Amino acid sequence: MSKQKTVYLADYLPYSHLVDSVDLTFRLHPTATRVLARLRLRPNPDRKDRDHLRLDGEGLRLISCTLDGQPITPTIDPRSLTIAAHELPHGPFTLETEVEIAPEGNTALEGLYMSNGMYCTQCEAEGFRKITWYPDRPDVMSRFKVRIESDMPVLLSNGNPAGQGPGWAEWDDPWPKPAYLFALVAGDLRAHSAKFVTASGRPVDLNIWVRPGDEDRCAYAMDSLIRAMRWDEQVYGREYDLDVFNIVAVDDFNMGAMENKGLNIFNSRYVLASPETATDDDYARIEAIIAHEYFHNWTGNRITCRDWFQLCLKEGLTVFRDHQFSGDMRSAAVRRIEDVVTLRSRQFREDDGPLAHPVRPESFVEINNFYTATVYEKGAEVIGMLKSLVGDQAYKRALDLYFDRHDGDAATIEDWLKVFEDVTGRDLSQFKLWYTEAGTPRLKVTDDWKDGVYTLTFTQANPPTPGQPEKHPKVIPIKIGLLNPNGDEVVPTIMLEMTRTRQSFRFDGLAAKPVPSILRGFSAPVVLERKAPAEERAFLLAHDTDPFNKWEAGRALAKEVLADMVLKAAPVSANWMDAVAAVTFDETLDPAFRALCLRLPGEDDIAQTIHGMGRIPDPAKIHAARREMAGALAIRLGDGLSRLYKDLDDNAPFSPSSAQAGRRALKIAALGLLSRRDRGKLASSAFARARSMTEEIGALAALLDVQQGQGELVTFAARWGRDANVMDKWYALQVAYADPAEAHSVAERLISTPGFDWKNPNRFRAVIGALAANHAGFHHRSGGGYRTVADWLLKLDPLNPQTAARVSTAFETWPRYDAARRKRARAELERMLATPGLSGDLQEMVERMLAAGN
């Protein structure tokens with residue numbers, strides 16, 4: 001096992017040279033692609049020392065190298081090509097290299113690789129170095145011209161088309177970009193095309209490229225793209241800046257999508273959609289991810305990050321923008337709740353364990369391991385807090401200044417905060433702690449009522465995290481409202497700004513002690529700790545005017561009830577069931593919101609809650625309690641649940657609209673509860689007559705949840721066996737709903753089926769990722785879940801270390817469980833670490849997780 005090199009933010013130096021332009025020629029071949037690169041360089045005036053030229057490269061076979069036309073012999077090691085300073089001209093020069101690479105054998109899916117006969121690239125974060133010798137860092141920006149030579153019918157790269165002929169195509173990108181934004185695609189593809197006219201009247205050709213036969217499943221992605229382009233013009237004043245915008249759907253892809261300038265490459269599951277093959281959740285994700293990658297054109301491409309430590313600058317800001325967009329396109333309240341659920345389930349868990357790190361980390365070993373919920377989701381929350389603190393108008397002025405000041409730059413968090421300071425005159429040095437300190441603040445609240453004066457006292461605690469034992473008070477925007485005991489709102493939403501460890505806020509002239517609604521809209525990513533009676537939570541669920549806190553009251557009450565069931569063998573609370581019933585049957589509320597209120601807290605969420613109480617969570621007891629709770633709720637809702645289902649079971653033509661999706665979500669939630677009463681009889685009927693994938697998958701999930709549906713699984717596989725994206729759902733559902741004692745066996749059985757391609761990231765995640773997410777199954781006392789996941793991580797790691805490392809985070813919570821489970825989890829982590837040839841990606845993750853148990 002090799003010792004890995006740590007990279008530190010404090011060691012940043014500008015690159016030794018500037019790259020004024022890049023000309024690339026690709027002569028494509030599955031096993032022997034030739035890449036000819038011509039770089040025009042000059043010494044960087046910001047570097048006073050005369051330094052050597054070091055170019056990044058991995059797995060390249062050098063054919064030739066010339067400097068200003070003269071052959072040279074550079075120094076080459078496994079990761080770089082170096083030309084000594086004394087061999088370099090004092091002024092501008094041209095370096096030309098020719099290398100050979102083998103895309104067909106590139107199973108890591110980084111650099112140039114092949115997916116079912118199609119050439120494609122993925123260069124973020126450090127994939128370009130697997131294509132040719134280059135300074136593969138985000139602060140080196142240059143203009144790229146590309147020539148592709150191949151017999152493939154479609155040849156694509158960044159920028160605008162510059163020419164084409166039989167067997168070749170040329171592309172010219174006029175905008176400087178770092179190498180991680182380079183893209184190339186060549187294959188037998190078909191285009192779903194449209195036109196867009198920008199606000200200034202400039203026409204843009206839009207194309208979504210897919211495999212033959214998939215053209216009819218691109219309409220929603222195209223509609224989402226057009227809406228995102230128009231929204232960015234209207235809300236942020238950002239126009240698109242090329243003549244063409246291309247999206248390509250790829251079957252083998254490690255991530256969701258990539259924002260390469262003018263040529264976005266997408267995991268096909270986030271492009272292809274039809275009512276028959278995509279669920280409402282798929283439609284929502286397609287809309288959000290299409291928008292996210294498009295918004296990167298300005299927040300990530302035109303302005304990129306200076307170094308990978310600033311990754312949150314492009315990702316957090318762009319996630320915040322796509323959340324805004326989705327909120328405008330759909331129900332803003334429902335979208336906010338869903339975003340917070342994701343944040344808590346992924347990022348809070350990250351902050352609470354061995355993988356905790358600041359939004360802007362100070363160091364890393366493998367940058368691929370820092371594409372995390374902290375960088376993305378918490379990074380977006382930090383942007384949202386900043387917007388709340390300065391106000392909508394100041395935020396808009398600051399963003400305009402940011403775009404004007406830094407267009408064409410590789411920027412930093414300091415650059416970002418400086419524009420807000422310049423616009424508002426505020427000192428944001430304390431706010432910057434959100435970027436530099438890890439961990440989730442815990443906000444304790446007490447109240448006092450005396451002589452018409454109501455006082456709220458907040459105390460913030462910032463727990464230690466790995467490498468950061470001591471923390472400082474954060475700036476926390478706390479949006480609150482106050483309700484009278486009759487349910488009227490006596491103080492509408494206001495924002496309190498907390499800056500100290502302990503702070504009190506007074507409200508005068510009140511006729512009665514109010515009920516507080518605290519942290520409205522989830523105005524800060526904190527854990528709110530306030531002892532409140534169940535009656536108060538039920539009151540807020542019934543009366544709160546803030547949709548998030550209305551939902552949050554029910555969620556908090558459900559978590560308290562579940563925790564009591566697990567720890568005290570308490571019965572299911574009648575107060576909670578009555579409150580949920582009131583919301584469920586309230587037709588004045590959005591059906592999507594009502595569906596969210598019917599969704600019980602997840603098992604991992606309850607484990608995290610119990611762990612936060614200083615107790616050891618028992619996955620088996622949590623699983624049993626949650627099932628008992630769902631069964632009791634199904635009985636409590638009674639005949640009204642059946643009537644609700646029938647009312648929602650209409651024959652309206654399918655639409656992916658937010659309104660229809662909300663109705664379907666409530667209908668499926670009702671079906672899931674009804675199945676607990678009739679053992680899946682209604683769900684079986686619903687499956688047989690389903691008119692969309694949303695209904696088909698919903699019915700199948702309801703059946704599997706009550707240990708039924710084996711015949712329906714066979715029917716589903718026969719119907720959809722040739723559609724990989726649909727079959728991923730089939731695989732994942734079986735593992736997700738497997739009995740905990742059998743979950744790892746179910747995964748192993750599915751792995752042995754002919755359709756399981758473990759080298760495909762989507763299929764790997766559909767089985768091994770689903771096992772990791774089956775809380776009681778993965779943490780089963782037998783250790784079978786740990787063993788199966790570890791076995792397959794070790795099998796995948798030599799071929800695709802990036803995906804293996806990301807799935808390995810299933811083990812990050814292992815220290816919170818009992819001694820027997822910790823022993824088994826530690827054994828699997830130690831087994832992985834002791835495996836010869838373990839990748840740097842997986843090694844770093846395992847080492848960090850093991851350190852938490854020391």
# chains A, B, ... in the order shown; residues from 1 in each chain; ligands from 1
>>> residues_around(residues="Gly721 of chain A", least_positions_apart="4", cutoff="12 Å", atoms="only C-alpha atoms", output="PDB file with N, CA and C atoms, in the first residue's frame")
ATOM      1  N   THR A 277     -41.729   4.897 -19.661  1.00  0.00           N
ATOM      2  CA  THR A 277     -40.436   4.431 -19.153  1.00  0.00           C
ATOM      3  C   THR A 277     -39.865   5.266 -18.017  1.00  0.00           C
ATOM      4  N   LEU A 713     -42.928  -9.020 -10.856  1.00  0.00           N
ATOM      5  CA  LEU A 713     -41.509  -8.850 -11.200  1.00  0.00           C
ATOM      6  C   LEU A 713     -41.179  -9.558 -12.499  1.00  0.00           C
ATOM      7  N   VAL A 714     -41.727 -10.760 -12.686  1.00  0.00           N
ATOM      8  CA  VAL A 714     -41.491 -11.506 -13.924  1.00  0.00           C
ATOM      9  C   VAL A 714     -42.102 -10.762 -15.109  1.00  0.00           C
ATOM     10  N   THR A 715     -43.313 -10.273 -14.920  1.00  0.00           N
ATOM     11  CA  THR A 715     -43.985  -9.519 -15.986  1.00  0.00           C
ATOM     12  C   THR A 715     -43.191  -8.266 -16.359  1.00  0.00           C
ATOM     13  N   PHE A 716     -42.726  -7.560 -15.349  1.00  0.00           N
ATOM     14  CA  PHE A 716     -41.964  -6.330 -15.567  1.00  0.00           C
ATOM     15  C   PHE A 716     -40.695  -6.617 -16.372  1.00  0.00           C
ATOM     16  N   ALA A 717     -39.966  -7.664 -15.976  1.00  0.00           N
ATOM     17  CA  ALA A 717     -38.716  -7.997 -16.666  1.00  0.00           C
ATOM     18  C   ALA A 717     -38.973  -8.408 -18.114  1.00  0.00           C
ATOM     19  N   ASN A 725     -32.239   1.488 -18.551  1.00  0.00           N
ATOM     20  CA  ASN A 725     -32.613   2.451 -17.508  1.00  0.00           C
ATOM     21  C   ASN A 725     -33.830   1.981 -16.720  1.00  0.00           C
ATOM     22  N   VAL A 726     -34.796   1.392 -17.397  1.00  0.00           N
ATOM     23  CA  VAL A 726     -35.975   0.876 -16.701  1.00  0.00           C
ATOM     24  C   VAL A 726     -35.592  -0.329 -15.843  1.00  0.00           C
ATOM     25  N   MET A 727     -34.755  -1.205 -16.382  1.00  0.00           N
ATOM     26  CA  MET A 727     -34.370  -2.395 -15.631  1.00  0.00           C
ATOM     27  C   MET A 727     -33.528  -2.057 -14.408  1.00  0.00           C
ATOM     28  N   ASP A 728     -32.835  -0.927 -14.408  1.00  0.00           N
ATOM     29  CA  ASP A 728     -32.136  -0.499 -13.183  1.00  0.00           C
ATOM     30  C   ASP A 728     -33.133  -0.357 -12.027  1.00  0.00           C
ATOM     31  N   LYS A 729     -34.341   0.112 -12.339  1.00  0.00           N
ATOM     32  CA  LYS A 729     -35.371   0.244 -11.307  1.00  0.00           C
ATOM     33  C   LYS A 729     -35.772  -1.138 -10.788  1.00  0.00           C
ATOM     34  N   TRP A 730     -35.892  -2.087 -11.672  1.00  0.00           N
ATOM     35  CA  TRP A 730     -36.271  -3.461 -11.325  1.00  0.00           C
ATOM     36  C   TRP A 730     -35.253  -4.063 -10.365  1.00  0.00           C
ATOM     37  N   TYR A 731     -33.983  -3.878 -10.676  1.00  0.00           N
ATOM     38  CA  TYR A 731     -32.933  -4.379  -9.795  1.00  0.00           C
ATOM     39  C   TYR A 731     -32.975  -3.687  -8.437  1.00  0.00           C
ATOM     40  N   THR A 753     -27.685 -12.770 -12.392  1.00  0.00           N
ATOM     41  CA  THR A 753     -28.579 -12.785 -13.543  1.00  0.00           C
ATOM     42  C   THR A 753     -27.837 -12.327 -14.794  1.00  0.00           C
ATOM     43  N   PRO A 754     -28.254 -12.793 -15.973  1.00  0.00           N
ATOM     44  CA  PRO A 754     -27.530 -12.445 -17.213  1.00  0.00           C
ATOM     45  C   PRO A 754     -27.476 -10.946 -17.491  1.00  0.00           C
ATOM     46  N   GLY A 755     -28.469 -10.183 -17.033  1.00  0.00           N
ATOM     47  CA  GLY A 755     -28.505  -8.757 -17.341  1.00  0.00           C
ATOM     48  C   GLY A 755     -27.650  -7.894 -16.444  1.00  0.00           C
ATOM     49  N   PHE A 756     -26.991  -8.504 -15.439  1.00  0.00           N
ATOM     50  CA  PHE A 756     -26.210  -7.680 -14.517  1.00  0.00           C
ATOM     51  C   PHE A 756     -24.824  -7.418 -15.094  1.00  0.00           C
TER      52      PHE A 756
END
>>> residues_around(residues="Thr584 of chain A", least_positions_apart="2", cutoff="9 Å", atoms="only C-alpha atoms", output="MDAnalysis selection string")
chainID A and resid 579:582 586:587 589 591 594:595 597:598 637 641 644 666
>>> write_last_selection(atoms="N, CA and C atoms", output="PDB file, in the first residue's frame")
ATOM      1  N   ALA A 579     -52.905  14.072  13.535  1.00  0.00           N
ATOM      2  CA  ALA A 579     -52.373  15.226  12.811  1.00  0.00           C
ATOM      3  C   ALA A 579     -52.114  14.885  11.351  1.00  0.00           C
ATOM      4  N   VAL A 580     -51.556  13.697  11.111  1.00  0.00           N
ATOM      5  CA  VAL A 580     -51.309  13.282   9.727  1.00  0.00           C
ATOM      6  C   VAL A 580     -52.620  13.097   8.984  1.00  0.00           C
ATOM      7  N   ALA A 581     -53.614  12.552   9.646  1.00  0.00           N
ATOM      8  CA  ALA A 581     -54.919  12.373   9.011  1.00  0.00           C
ATOM      9  C   ALA A 581     -55.515  13.718   8.600  1.00  0.00           C
ATOM     10  N   ALA A 582     -55.375  14.712   9.468  1.00  0.00           N
ATOM     11  CA  ALA A 582     -55.928  16.031   9.150  1.00  0.00           C
ATOM     12  C   ALA A 582     -55.293  16.605   7.891  1.00  0.00           C
ATOM     13  N   ASP A 586     -56.981  17.079   3.863  1.00  0.00           N
ATOM     14  CA  ASP A 586     -57.211  18.516   3.670  1.00  0.00           C
ATOM     15  C   ASP A 586     -57.035  18.861   2.192  1.00  0.00           C
ATOM     16  N   GLU A 587     -58.144  19.001   1.485  1.00  0.00           N
ATOM     17  CA  GLU A 587     -58.092  19.213   0.045  1.00  0.00           C
ATOM     18  C   GLU A 587     -57.646  20.612  -0.340  1.00  0.00           C
ATOM     19  N   LEU A 589     -54.812  21.703   0.561  1.00  0.00           N
ATOM     20  CA  LEU A 589     -53.358  21.599   0.484  1.00  0.00           C
ATOM     21  C   LEU A 589     -52.927  20.932  -0.814  1.00  0.00           C
ATOM     22  N   PRO A 591     -51.526  18.372  -3.238  1.00  0.00           N
ATOM     23  CA  PRO A 591     -51.389  16.913  -3.107  1.00  0.00           C
ATOM     24  C   PRO A 591     -49.937  16.461  -2.916  1.00  0.00           C
ATOM     25  N   ARG A 594     -49.122  16.876   0.681  1.00  0.00           N
ATOM     26  CA  ARG A 594     -49.790  15.847   1.480  1.00  0.00           C
ATOM     27  C   ARG A 594     -49.064  14.512   1.346  1.00  0.00           C
ATOM     28  N   ALA A 595     -48.578  14.228   0.141  1.00  0.00           N
ATOM     29  CA  ALA A 595     -47.818  12.989  -0.056  1.00  0.00           C
ATOM     30  C   ALA A 595     -46.532  12.997   0.768  1.00  0.00           C
ATOM     31  N   CYS A 597     -46.114  14.509   3.567  1.00  0.00           N
ATOM     32  CA  CYS A 597     -46.482  14.338   4.977  1.00  0.00           C
ATOM     33  C   CYS A 597     -46.809  12.886   5.303  1.00  0.00           C
ATOM     34  N   LEU A 598     -47.176  12.101   4.300  1.00  0.00           N
ATOM     35  CA  LEU A 598     -47.436  10.674   4.510  1.00  0.00           C
ATOM     36  C   LEU A 598     -46.156   9.843   4.491  1.00  0.00           C
ATOM     37  N   LEU A 637     -56.175   5.808   9.165  1.00  0.00           N
ATOM     38  CA  LEU A 637     -56.743   6.595   8.072  1.00  0.00           C
ATOM     39  C   LEU A 637     -58.036   5.984   7.537  1.00  0.00           C
ATOM     40  N   LEU A 641     -58.956   6.673   3.396  1.00  0.00           N
ATOM     41  CA  LEU A 641     -57.805   6.389   2.535  1.00  0.00           C
ATOM     42  C   LEU A 641     -58.257   5.751   1.223  1.00  0.00           C
ATOM     43  N   LEU A 644     -59.886   8.429  -0.850  1.00  0.00           N
ATOM     44  CA  LEU A 644     -58.864   9.305  -1.420  1.00  0.00           C
ATOM     45  C   LEU A 644     -58.226   8.661  -2.639  1.00  0.00           C
ATOM     46  N   LEU A 666     -49.528  11.424  -4.286  1.00  0.00           N
ATOM     47  CA  LEU A 666     -50.461  11.176  -3.196  1.00  0.00           C
ATOM     48  C   LEU A 666     -51.196   9.856  -3.407  1.00  0.00           C
TER      49      LEU A 666
END
>>> closest_residue(among="A:Cys305, A:Leu55, A:Ala670, A:Arg679", to="Phe128 of chain A", atoms="only C-alpha atoms")
A:Leu55
>>> residues_around(residues="segment 60-71 of chain A", least_positions_apart="6", cutoff="10 Å", atoms="only C-alpha atoms", output="PyMOL selection string")
chain A and resi 32+34-40+78-81+83+87-89+92-102+129-133
>>> closest_residue(among="A:Leu355, A:Ala690, A:Cys312, A:Val235", to="Gln324 of chain A", atoms="only C-alpha atoms")
A:Val235
>>> select_by_dssp(residues="segment 408-578 of chain A", states="alpha helix (DSSP H)", output="JSON, numbers by chain")
{"A": [413, 414, 415, 416, 417, 418, 419, 420, 421, 422, 423, 424, 433, 434, 435, 436, 534, 535, 536, 537, 538, 539, 540, 541, 542, 543, 547, 548, 549, 550, 551, 552, 553, 554, 555, 556, 557, 558, 559, 560, 561, 562, 563, 564, 565, 566, 567, 568, 574, 575, 576, 577, 578]}
>>> write_last_selection(atoms="N, CA and C atoms", output="short mmCIF file (atom, residue, chain, number, x, y, z; two decimals), in the first residue's frame")
data_model
loop_
_atom_site.label_atom_id
_atom_site.label_comp_id
_atom_site.auth_asym_id
_atom_site.auth_seq_id
_atom_site.Cartn_x
_atom_site.Cartn_y
_atom_site.Cartn_z
N ILE A 413 -13.22 31.68 -3.51
CA ILE A 413 -14.26 32.06 -2.55
C ILE A 413 -14.05 33.50 -2.09
N GLU A 414 -12.80 33.92 -1.94
CA GLU A 414 -12.52 35.30 -1.57
C GLU A 414 -13.04 36.27 -2.62
N ASP A 415 -12.87 35.93 -3.91
CA ASP A 415 -13.41 36.78 -4.98
C ASP A 415 -14.93 36.87 -4.88
N TRP A 416 -15.55 35.73 -4.61
CA TRP A 416 -17.00 35.67 -4.51
C TRP A 416 -17.52 36.54 -3.37
N LEU A 417 -16.96 36.39 -2.19
CA LEU A 417 -17.42 37.17 -1.05
C LEU A 417 -17.11 38.66 -1.21
N LYS A 418 -16.02 38.97 -1.91
CA LYS A 418 -15.63 40.37 -2.07
C LYS A 418 -16.68 41.16 -2.85
N VAL A 419 -17.32 40.55 -3.84
CA VAL A 419 -18.32 41.31 -4.58
C VAL A 419 -19.51 41.64 -3.69
N PHE A 420 -19.85 40.76 -2.75
CA PHE A 420 -20.93 41.05 -1.82
C PHE A 420 -20.52 42.14 -0.84
N GLU A 421 -19.29 42.09 -0.39
CA GLU A 421 -18.81 43.15 0.50
C GLU A 421 -18.80 44.49 -0.21
N ASP A 422 -18.38 44.50 -1.48
CA ASP A 422 -18.32 45.76 -2.22
C ASP A 422 -19.71 46.32 -2.49
N VAL A 423 -20.68 45.45 -2.71
CA VAL A 423 -22.04 45.91 -3.00
C VAL A 423 -22.76 46.36 -1.73
N THR A 424 -22.56 45.64 -0.63
CA THR A 424 -23.36 45.90 0.58
C THR A 424 -22.61 46.67 1.66
N LEU A 433 -16.76 31.62 7.68
CA LEU A 433 -16.56 30.39 8.45
C LEU A 433 -17.41 29.24 7.91
N TRP A 434 -18.55 29.57 7.29
CA TRP A 434 -19.37 28.52 6.68
C TRP A 434 -18.59 27.78 5.59
N TYR A 435 -17.65 28.45 4.97
CA TYR A 435 -16.83 27.81 3.94
C TYR A 435 -15.62 27.07 4.51
N THR A 436 -15.11 27.53 5.63
CA THR A 436 -13.82 27.02 6.10
C THR A 436 -13.91 26.05 7.27
N ALA A 534 -45.71 17.23 22.16
CA ALA A 534 -46.31 16.69 20.93
C ALA A 534 -47.50 17.53 20.50
N GLU A 535 -48.23 18.09 21.47
CA GLU A 535 -49.41 18.89 21.13
C GLU A 535 -49.01 20.14 20.34
N GLU A 536 -47.84 20.71 20.66
CA GLU A 536 -47.40 21.89 19.92
C GLU A 536 -47.02 21.54 18.49
N ARG A 537 -46.35 20.40 18.34
CA ARG A 537 -45.98 19.99 16.97
C ARG A 537 -47.24 19.71 16.15
N ALA A 538 -48.20 19.07 16.77
CA ALA A 538 -49.46 18.80 16.06
C ALA A 538 -50.16 20.11 15.70
N PHE A 539 -50.10 21.09 16.60
CA PHE A 539 -50.69 22.41 16.34
C PHE A 539 -50.03 23.06 15.13
N LEU A 540 -48.69 23.01 15.06
CA LEU A 540 -47.98 23.62 13.94
C LEU A 540 -48.28 22.89 12.64
N LEU A 541 -48.37 21.57 12.71
CA LEU A 541 -48.71 20.80 11.52
C LEU A 541 -50.09 21.23 10.99
N ALA A 542 -50.98 21.57 11.90
CA ALA A 542 -52.33 21.97 11.48
C ALA A 542 -52.42 23.43 11.07
N HIS A 543 -51.63 24.32 11.71
CA HIS A 543 -51.87 25.76 11.56
C HIS A 543 -50.72 26.57 10.97
N PRO A 547 -44.98 26.58 4.75
CA PRO A 547 -45.12 25.18 4.31
C PRO A 547 -44.00 24.27 4.83
N PHE A 548 -42.77 24.79 4.85
CA PHE A 548 -41.69 23.94 5.32
C PHE A 548 -41.89 23.58 6.79
N ASN A 549 -42.17 24.57 7.63
CA ASN A 549 -42.32 24.28 9.05
C ASN A 549 -43.58 23.49 9.36
N LYS A 550 -44.58 23.63 8.52
CA LYS A 550 -45.79 22.80 8.65
C LYS A 550 -45.40 21.33 8.49
N TRP A 551 -44.65 21.07 7.42
CA TRP A 551 -44.16 19.70 7.20
C TRP A 551 -43.18 19.28 8.29
N GLU A 552 -42.29 20.19 8.67
CA GLU A 552 -41.26 19.89 9.65
C GLU A 552 -41.86 19.50 10.98
N ALA A 553 -42.97 20.12 11.35
CA ALA A 553 -43.61 19.77 12.62
C ALA A 553 -44.05 18.31 12.61
N GLY A 554 -44.65 17.89 11.51
CA GLY A 554 -45.06 16.49 11.39
C GLY A 554 -43.88 15.55 11.35
N ARG A 555 -42.84 15.98 10.65
CA ARG A 555 -41.63 15.14 10.55
C ARG A 555 -40.97 14.98 11.92
N ALA A 556 -40.83 16.09 12.64
CA ALA A 556 -40.21 16.04 13.97
C ALA A 556 -41.02 15.17 14.91
N LEU A 557 -42.34 15.31 14.85
CA LEU A 557 -43.21 14.51 15.70
C LEU A 557 -43.07 13.03 15.35
N ALA A 558 -43.02 12.72 14.06
CA ALA A 558 -42.86 11.32 13.63
C ALA A 558 -41.54 10.74 14.12
N LYS A 559 -40.49 11.53 14.05
CA LYS A 559 -39.18 11.05 14.51
C LYS A 559 -39.18 10.82 16.02
N GLU A 560 -39.82 11.70 16.76
CA GLU A 560 -39.91 11.51 18.21
C GLU A 560 -40.70 10.24 18.54
N VAL A 561 -41.78 10.04 17.82
CA VAL A 561 -42.60 8.85 18.05
C VAL A 561 -41.80 7.59 17.73
N LEU A 562 -41.13 7.59 16.60
CA LEU A 562 -40.34 6.42 16.22
C LEU A 562 -39.22 6.15 17.20
N ALA A 563 -38.55 7.20 17.64
CA ALA A 563 -37.47 7.03 18.61
C ALA A 563 -38.00 6.42 19.90
N ASP A 564 -39.17 6.88 20.35
CA ASP A 564 -39.77 6.32 21.55
C ASP A 564 -40.16 4.86 21.34
N MET A 565 -40.65 4.54 20.17
CA MET A 565 -41.00 3.15 19.87
C MET A 565 -39.77 2.24 19.94
N VAL A 566 -38.66 2.73 19.41
CA VAL A 566 -37.43 1.94 19.39
C VAL A 566 -36.81 1.83 20.78
N LEU A 567 -36.74 2.95 21.48
CA LEU A 567 -36.01 2.98 22.74
C LEU A 567 -36.86 2.61 23.96
N LYS A 568 -38.18 2.86 23.89
CA LYS A 568 -39.03 2.65 25.06
C LYS A 568 -40.17 1.67 24.80
N ALA A 574 -51.21 8.49 19.04
CA ALA A 574 -52.49 8.87 18.46
C ALA A 574 -52.47 10.32 18.00
N ASN A 575 -51.78 11.19 18.74
CA ASN A 575 -51.67 12.60 18.34
C ASN A 575 -51.03 12.72 16.97
N TRP A 576 -49.97 11.97 16.75
CA TRP A 576 -49.30 12.04 15.45
C TRP A 576 -50.23 11.54 14.35
N MET A 577 -50.90 10.42 14.57
CA MET A 577 -51.78 9.87 13.53
C MET A 577 -52.94 10.82 13.24
N ASP A 578 -53.48 11.43 14.27
CA ASP A 578 -54.58 12.38 14.05
C ASP A 578 -54.10 13.58 13.23
#
>>> closest_residue(among="A:Ala278, A:Val807, A:Ala221, A:Ala825", to="Gly785 of chain A", atoms="only C-alpha atoms")
A:Ala825
>>> atom_distance(atom1="atom CA of Asn301 of chain A", atom2="atom CA of Ser157 of chain A")
15.2 Å
>>> closest_residue(among="A:Glu58, A:Glu844, A:Glu603, A:Asp136", to="Tyr180 of chain A", atoms="only C-alpha atoms")
A:Asp136
>>> closest_residue(among="A:Arg306, A:Thr372, A:Glu362, A:Pro354", to="Arg848 of chain A", atoms="only C-alpha atoms")
A:Pro354
